[in-house]
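Take a look at the structure below.
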Amino acid sequence: MKRRGATFTFWGALIFFATVAVVVMVAVEMYVYVDKKSGGDRKVISIVMLFTILFLSLMCTLADIVRRRKMIDRPVEQILDATEKIAAGDFSVRLAPRHRYGNYDQYDSIMENINTLAAELGKSEVLKTDFISNVSHELKTPLAILRNYAALMKVEGEDKEKRDKYADILIGAAKRLSDLVTNILKLNKLENRELTPELKSVRLDKGLAEAVLQYEETIEKKQLEVECEFDEVTLFTSEGYLDIVWKNLLSNAVKFTEKGGKIAVSLKATEDGAIVKVSDTGCGIPPEIGSRIFEKFYQGDASHSGEGNGLGLALVKKVIEILGGEISVESEKGKGTTFTVILRNGE
Ligand SMILES: Nc1ncnc2c1ncn2[C@@H]1O[C@H](COP(=O)(O)OP(=O)(O)OP(=O)(O)O)[C@@H](O)[C@H]1O
Ligand SMILES: [Mg+2]
């Protein structure tokens, strides 16, 4: 919380006090002076005092108007202008506080908060437009495939083998679309905390073994060697959330490892949880890409960009964050990649 002073400051109070004192003193001095000069004539004293009081009141009113204009109306106008612009969608608005940081009054603090609000809204606007353009981009390719191959299926006289091939391509494109939608919805729900992890005692070794088995067919097709080394570990955590993690890490390991490569999955018990490592001898991640792989829609490896939407690791990161764990990656281009997941008991 920023330090902020009240708009009614010590100096403001002092000026008010001094003004009242001066007015009373001038009125008293005037009374004494007129009393002396008029020889105590009540009528003259009354008239002169009436005009004196009217004059002093007018002066005070004018001074107050100037003070209000400078100290209240001007900042309020600036704040109103800024909020109107923000409401109309202009998030480039920035207000300059009138005092130095540390001497802020309440108006300065409101201005500073408006600046932060505009900056945050600007950021989320950029995220929103980026998101829309990313989704549109990811939709375009599979939709083009669906349209073109559906047209090819209609060509008369095409042999069965070719038609089967087209049907497989259509199924692949449809799957990519449905994965895209499922992952966007899942990520959205996780980010908005609409899903709550269902915590229970989970055997991690069993979950990991089942996840590896799900990729059996591709593993065989690519003749990958798979090495699993699992401690028997039970954690109080969410089975469904961990399933998302294992599935995505394994799908990447299988996808980014060339034929005949090796994948190693290990699970070690630690004092307060477990460490899981998923390694592969695949294409690796160049150091300049680094942790960008965890960003939504980021796909570093263009040669595999047709096989996914770049949402897998964003989901994994979010899930692990919710479970209170950590994920890190070590990789060497051309040699392979290791993802390390640290999990702690949720109890
Ligand atoms: N094991 C790995 N080896 C090499 N590169 C990897 C590996 N895992 C992830 N990457 C890089 O990180 C990028 C992002 O991975 P992520 O899982 O988020 O997306 P994806 O696999 O391309 O698509 P999706 O997961 O949506 O199917 C990948 O495109 C790839 O460049
Ligand atoms: Mg992936």
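For the structure tokens, the naming scheme is as follows: chains receive sequential letters (A, B, ...) according to their order of presentation, residues are indexed from 1 within each chain, and ligands are indexed from 1 in presentation order.
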7 Å from ligand 2 is the threshold here; counting only C-alpha atoms and all ligand atoms, which polymer residues fall inside it? Answer as a PyMOL selection string.
chain A and resi 248-249+251-252+308+310-313
Skip Glu29 of chain A itself and residues of its chain fewer than 6 positions away, then list as a tab-separated table (two decimals) with N, CA and C atoms, in the first residue's frame all residues within 12 Å of it, counting only C-alpha atoms.
```tsv
chain	number	residue	atom	x	y	z
A	22	VAL	N	-7.00	36.53	10.98
A	22	VAL	CA	-6.80	37.84	10.34
A	22	VAL	C	-8.15	38.55	10.21
A	23	VAL	N	-9.19	37.80	9.76
A	23	VAL	CA	-10.51	38.40	9.57
A	23	VAL	C	-11.04	38.97	10.89
A	35	ASP	N	-14.97	53.43	16.04
A	35	ASP	CA	-15.51	53.88	17.33
A	35	ASP	C	-14.83	55.18	17.75
A	36	LYS	N	-13.48	55.19	17.58
A	36	LYS	CA	-12.70	56.36	17.98
A	36	LYS	C	-13.04	57.56	17.08
A	49	MET	N	-19.16	48.70	9.95
A	49	MET	CA	-18.89	47.29	10.29
A	49	MET	C	-19.61	46.35	9.32
A	52	THR	N	-17.56	46.37	6.24
A	52	THR	CA	-16.29	45.67	6.50
A	52	THR	C	-16.51	44.17	6.46
```
Hey, what's within 12 Å of Leu208 of chain A if we count only C-alpha atoms and toss same-chain stuff fewer than 4 positions away? As an NGL selection string, please?
:A and (202-204 or 212-215 or 228-233 or 239-240 or 242-250 or 264-267 or 276-278)
The selected residues should be written to file as an mmCIF file, in the first residue's frame (atoms: N, CA and C atoms).
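As written to disk, out_12.cif reads:
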```
data_model
loop_
_atom_site.group_PDB
_atom_site.id
_atom_site.type_symbol
_atom_site.label_atom_id
_atom_site.label_comp_id
_atom_site.auth_asym_id
_atom_site.auth_seq_id
_atom_site.Cartn_x
_atom_site.Cartn_y
_atom_site.Cartn_z
ATOM 1 N N VAL A 202 -3.315 -40.611 -3.676
ATOM 2 C CA VAL A 202 -3.096 -41.073 -5.054
ATOM 3 C C VAL A 202 -1.770 -41.832 -5.136
ATOM 4 N N ARG A 203 -1.819 -43.031 -5.758
ATOM 5 C CA ARG A 203 -0.564 -43.773 -5.993
ATOM 6 C C ARG A 203 0.070 -43.219 -7.267
ATOM 7 N N LEU A 204 1.148 -42.439 -7.102
ATOM 8 C CA LEU A 204 1.771 -41.792 -8.254
ATOM 9 C C LEU A 204 2.347 -42.801 -9.234
ATOM 10 N N VAL A 212 2.009 -43.944 -19.244
ATOM 11 C CA VAL A 212 2.979 -44.463 -20.233
ATOM 12 C C VAL A 212 2.274 -45.447 -21.165
ATOM 13 N N LEU A 213 1.407 -46.288 -20.564
ATOM 14 C CA LEU A 213 0.711 -47.300 -21.375
ATOM 15 C C LEU A 213 -0.176 -46.668 -22.455
ATOM 16 N N GLN A 214 -0.692 -45.488 -22.174
ATOM 17 C CA GLN A 214 -1.551 -44.805 -23.162
ATOM 18 C C GLN A 214 -0.807 -44.495 -24.459
ATOM 19 N N TYR A 215 0.534 -44.416 -24.347
ATOM 20 C CA TYR A 215 1.327 -44.099 -25.552
ATOM 21 C C TYR A 215 1.989 -45.326 -26.164
ATOM 22 N N CYS A 228 11.455 -47.163 -17.222
ATOM 23 C CA CYS A 228 10.672 -46.603 -16.110
ATOM 24 C C CYS A 228 11.276 -47.058 -14.787
ATOM 25 N N GLU A 229 11.408 -46.128 -13.870
ATOM 26 C CA GLU A 229 11.957 -46.485 -12.555
ATOM 27 C C GLU A 229 11.109 -45.767 -11.513
ATOM 28 N N PHE A 230 10.192 -46.515 -10.911
ATOM 29 C CA PHE A 230 9.239 -45.849 -10.021
ATOM 30 C C PHE A 230 9.368 -46.333 -8.579
ATOM 31 N N ASP A 231 9.518 -45.413 -7.640
ATOM 32 C CA ASP A 231 9.347 -45.751 -6.222
ATOM 33 C C ASP A 231 7.852 -45.863 -5.988
ATOM 34 N N GLU A 232 7.477 -46.588 -4.927
ATOM 35 C CA GLU A 232 6.043 -46.644 -4.613
ATOM 36 C C GLU A 232 5.714 -45.392 -3.789
ATOM 37 N N VAL A 233 4.957 -44.474 -4.384
ATOM 38 C CA VAL A 233 4.684 -43.203 -3.670
ATOM 39 C C VAL A 233 3.185 -42.925 -3.622
ATOM 40 N N GLU A 239 -5.650 -36.659 -8.643
ATOM 41 C CA GLU A 239 -5.311 -37.638 -9.680
ATOM 42 C C GLU A 239 -5.557 -37.042 -11.076
ATOM 43 N N GLY A 240 -6.703 -36.360 -11.220
ATOM 44 C CA GLY A 240 -7.087 -35.800 -12.521
ATOM 45 C C GLY A 240 -6.084 -34.751 -12.991
ATOM 46 N N LEU A 242 -2.917 -34.476 -12.054
ATOM 47 C CA LEU A 242 -1.627 -35.096 -12.374
ATOM 48 C C LEU A 242 -1.683 -35.808 -13.719
ATOM 49 N N ASP A 243 -2.849 -36.337 -14.033
ATOM 50 C CA ASP A 243 -3.030 -37.013 -15.315
ATOM 51 C C ASP A 243 -2.731 -36.046 -16.475
ATOM 52 N N ILE A 244 -3.184 -34.805 -16.314
ATOM 53 C CA ILE A 244 -2.913 -33.782 -17.338
ATOM 54 C C ILE A 244 -1.403 -33.589 -17.490
ATOM 55 N N VAL A 245 -0.704 -33.562 -16.344
ATOM 56 C CA VAL A 245 0.749 -33.338 -16.372
ATOM 57 C C VAL A 245 1.454 -34.492 -17.078
ATOM 58 N N TRP A 246 1.191 -35.720 -16.618
ATOM 59 C CA TRP A 246 1.898 -36.889 -17.200
ATOM 60 C C TRP A 246 1.598 -37.000 -18.690
ATOM 61 N N LYS A 247 0.314 -36.816 -19.038
ATOM 62 C CA LYS A 247 -0.099 -36.989 -20.434
ATOM 63 C C LYS A 247 0.648 -36.006 -21.346
ATOM 64 N N ASN A 248 0.735 -34.767 -20.920
ATOM 65 C CA ASN A 248 1.385 -33.767 -21.780
ATOM 66 C C ASN A 248 2.895 -33.942 -21.842
ATOM 67 N N LEU A 249 3.518 -34.259 -20.692
ATOM 68 C CA LEU A 249 4.979 -34.435 -20.722
ATOM 69 C C LEU A 249 5.347 -35.644 -21.579
ATOM 70 N N LEU A 250 4.551 -36.732 -21.433
ATOM 71 C CA LEU A 250 4.855 -37.931 -22.231
ATOM 72 C C LEU A 250 4.554 -37.712 -23.708
ATOM 73 N N ALA A 264 12.954 -41.869 -20.727
ATOM 74 C CA ALA A 264 13.099 -42.404 -19.368
ATOM 75 C C ALA A 264 12.169 -41.644 -18.428
ATOM 76 N N VAL A 265 11.420 -42.416 -17.630
ATOM 77 C CA VAL A 265 10.511 -41.782 -16.664
ATOM 78 C C VAL A 265 10.879 -42.302 -15.280
ATOM 79 N N SER A 266 11.150 -41.387 -14.343
ATOM 80 C CA SER A 266 11.498 -41.859 -12.996
ATOM 81 C C SER A 266 10.644 -41.146 -11.958
ATOM 82 N N LEU A 267 10.409 -41.850 -10.869
ATOM 83 C CA LEU A 267 9.635 -41.296 -9.739
ATOM 84 C C LEU A 267 10.378 -41.615 -8.456
ATOM 85 N N VAL A 276 9.455 -36.262 -10.048
ATOM 86 C CA VAL A 276 9.248 -37.059 -11.259
ATOM 87 C C VAL A 276 10.086 -36.444 -12.377
ATOM 88 N N LYS A 277 10.799 -37.304 -13.103
ATOM 89 C CA LYS A 277 11.584 -36.808 -14.238
ATOM 90 C C LYS A 277 11.128 -37.511 -15.502
ATOM 91 N N VAL A 278 10.895 -36.730 -16.556
ATOM 92 C CA VAL A 278 10.554 -37.318 -17.865
ATOM 93 C C VAL A 278 11.639 -36.851 -18.835
#
```
Surrounding residues as a PyMOL selection string, ligand 1, max 7 Å, only C-alpha atoms and all ligand atoms:
chain A and resi 248-249+252-253+256-257+280+282-285+293-294+296-301+304-305+307-314+336-337
Neighbouring residues of Tyr31 of chain A were defined as those with any atom within 12 Å, considering only C-alpha atoms; residues of the same chain fewer than 5 positions away were excluded. Please report them as a list in words.
Val24, Met25, Val26, Lys36, Lys37, Ser38, Gly39, Gly40, Asp41, Arg42, Val44, Ile45, Ser46, Ile47, Val48, Met49, Leu50, Phe51, Thr52 and Ile53 of chain A
Within 12 Å of Val181 of chain A using only C-alpha atoms, minus same-chain residues under 2 positions, as a VMD selection string
chain A and resid 135 to 136 138 to 139 174 to 179 183 to 188 308 to 309 311
What separates atom CA of Thr19 of chain A and atom CA of Val34 of chain A is a distance of 22.2 Å
All residues 10 Å or closer to Arg67 of chain A, only C-alpha atoms, same chain fewer than 6 positions away omitted, as a list in words:
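Returned residues: Gly12, Thr61 and Asp73 of chain A.
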Two-atom distance - atom CA of Arg94 of chain A, atom CA of Asn115 of chain A (Å)
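Distance reported for this atom pair: 5.2 Å.
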Which neighbours of Leu199 of chain A fall inside 7 Å, counting only C-alpha atoms, when residues of the same chain fewer than 3 positions from it are skipped, and could you give them as a PDB file with C-alpha atoms, in the first residue's frame?
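Listing of around-v1.pdb after writing:
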```pdb
ATOM      1  CA  PHE A 236      -2.572 -36.577  -1.042  1.00  0.00           C
ATOM      2  CA  THR A 237      -3.158 -34.776  -4.330  1.00  0.00           C
ATOM      3  CA  SER A 238      -5.409 -34.614  -7.395  1.00  0.00           C
TER       4      SER A 238
END
```
Considering only strand (DSSP E) as DSSP defines it on the backbone, what residues of segment 46-286 of chain A qualify? List them as a ChimeraX atom specification.
/A:199-203,225-230,234-238,262-270,273-280
Taking the chain letters and numbering used in this document, name the residues of segment 120-286 of chain A that DSSP puts in helix (DSSP H, G or I), as an NGL selection string.
:A and (120-154 or 160-191 or 204-214 or 216-221 or 239-255)
Record the distance separating atom CA of Pro97 of chain A and atom CA of Val76 of chain A, expressed in Å with one decimal.
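Interatomic distance, atom CA of Pro97 of chain A to atom CA of Val76 of chain A: 12.0 Å.
Restricting the calculation to only C-alpha atoms, the smallest distance between Glu295 of chain A and any of A:Ala274, A:Val226, A:Leu127, A:Cys60 is found for A:Leu127.
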